[in-house]
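Colleague: Attaching a single structure in structure tokens format; questions to follow.
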Amino acid sequence: MSEGLLTVLKFCFLALLFLFLVRVVRVVALELRAAPLTPVDAATPAKQRSPKRKGSAQRGVRVVEPAQLAGQTYAVDGEITVGRATGCGIVLSADSYASQIHARVFRRDDDLYVEDLGSTNGTFVNGTRISTPVRVRRGDRVQFGQTIVEPTK
């Protein structure tokens, strides 16, 4: 092959590599900019809360500890992630023991489940570390880092 052709191929390869990296950075930026879900509490008018499904009670989690977050309630309609990342549904920015994307809380057949997503310090249900999705009921205590939540309804 001629020297000129090899140079053109090198530049084409570099251009493709650059376009690939631009796409990766764009996707990561969009993921980080995802707006977190807002907490639903007693001050939120019922009209602004997510609609209840016919025949099912509104399910979610309420923060018990730490004291500055206590009482905040998050509705779980489908799935919600928990962690320090701004894209999580429940953002625990002040909890240094929580991972960026620590766990997920999701609904299946009108039951609430918690799943650890490979967090460093683990997710605990009633003091027991979990490694698979676990069904939680009212009265159970779920711990992500130093934050403790309880299921509602």
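Residues are referred to by chain and number: the chain letter is A, B, ... according to the order shown in the structure tokens, the number counts from 1 in that chain, and ligands are numbered separately from 1 in the order shown.
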Might you pull out every residue within 7 Å of stretch 122-131 of chain A, with only C-alpha atoms counted and same-chain residues fewer than 6 positions away left off, and present them as a ChimeraX atom specification?
Modeller: /A:116,140-144
Colleague: Near stretch 62-68 of chain A, counting only C-alpha atoms, which residues have an atom at most 12 Å away, once you skip same-chain residues fewer than 3 positions from it, shown as an NGL selection string?
Modeller: :A and (39-42 or 59 or 71-76 or 82 or 90-92 or 94-95 or 138-153)
Colleague: For A:Arg104, which residue among A:Leu16, A:Cys88, A:Ile80, A:Ser119 is the nearest when counting only C-alpha atoms?
Modeller: A:Ile80
Colleague: Would you mind writing down, as a PyMOL selection string, each residue of stretch 51-113 of chain A that DSSP on the backbone assigns to strand (DSSP E or B)?
Modeller: chain A and resi 60-65+73-75+79-83+90-91+103-108+111-113
Colleague: Give me, as an MDAnalysis selection string, all polymer residues having an atom no more than 8 Å from A:Leu117, counting only C-alpha atoms and skipping those fewer than 5 positions away in the same chain.
Modeller: chainID A and resid 101:104
Colleague: So that I have them on file, write out the residues from the current selection with C-alpha atoms, as a PDB file, in the first residue's frame.
Modeller:
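Result file out.pdb:
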ATOM      1  CA  ILE A 101     -26.304   3.450  42.589  1.00  0.00           C
ATOM      2  CA  HIS A 102     -26.839   1.408  45.721  1.00  0.00           C
ATOM      3  CA  ALA A 103     -30.090  -0.509  45.305  1.00  0.00           C
ATOM      4  CA  ARG A 104     -33.481  -0.535  43.662  1.00  0.00           C
TER       5      ARG A 104
END
Colleague: Could you jot down the atom CA of A:Arg107 to atom CA of A:Arg135 separation for me, Å, one decimal place?
Modeller: 9.3 Å
Colleague: How many Å separate atom CA of A:Ser99 from atom CA of A:Thr81?
Modeller: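 The value is 11.2 Å.
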Colleague: Can you tell me which residues surround A:Val134 at a distance of at most 8 Å, considering only C-alpha atoms, apart from same-chain residues fewer than 4 positions away, and format the answer as an MDAnalysis selection string?
Modeller: chainID A and resid 113:115 130
Colleague: Between atom CA of A:Phe11 and atom CA of A:Val24, measure the distance and give it in Å to one decimal.
Modeller: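 A separation of 20.0 Å between them.
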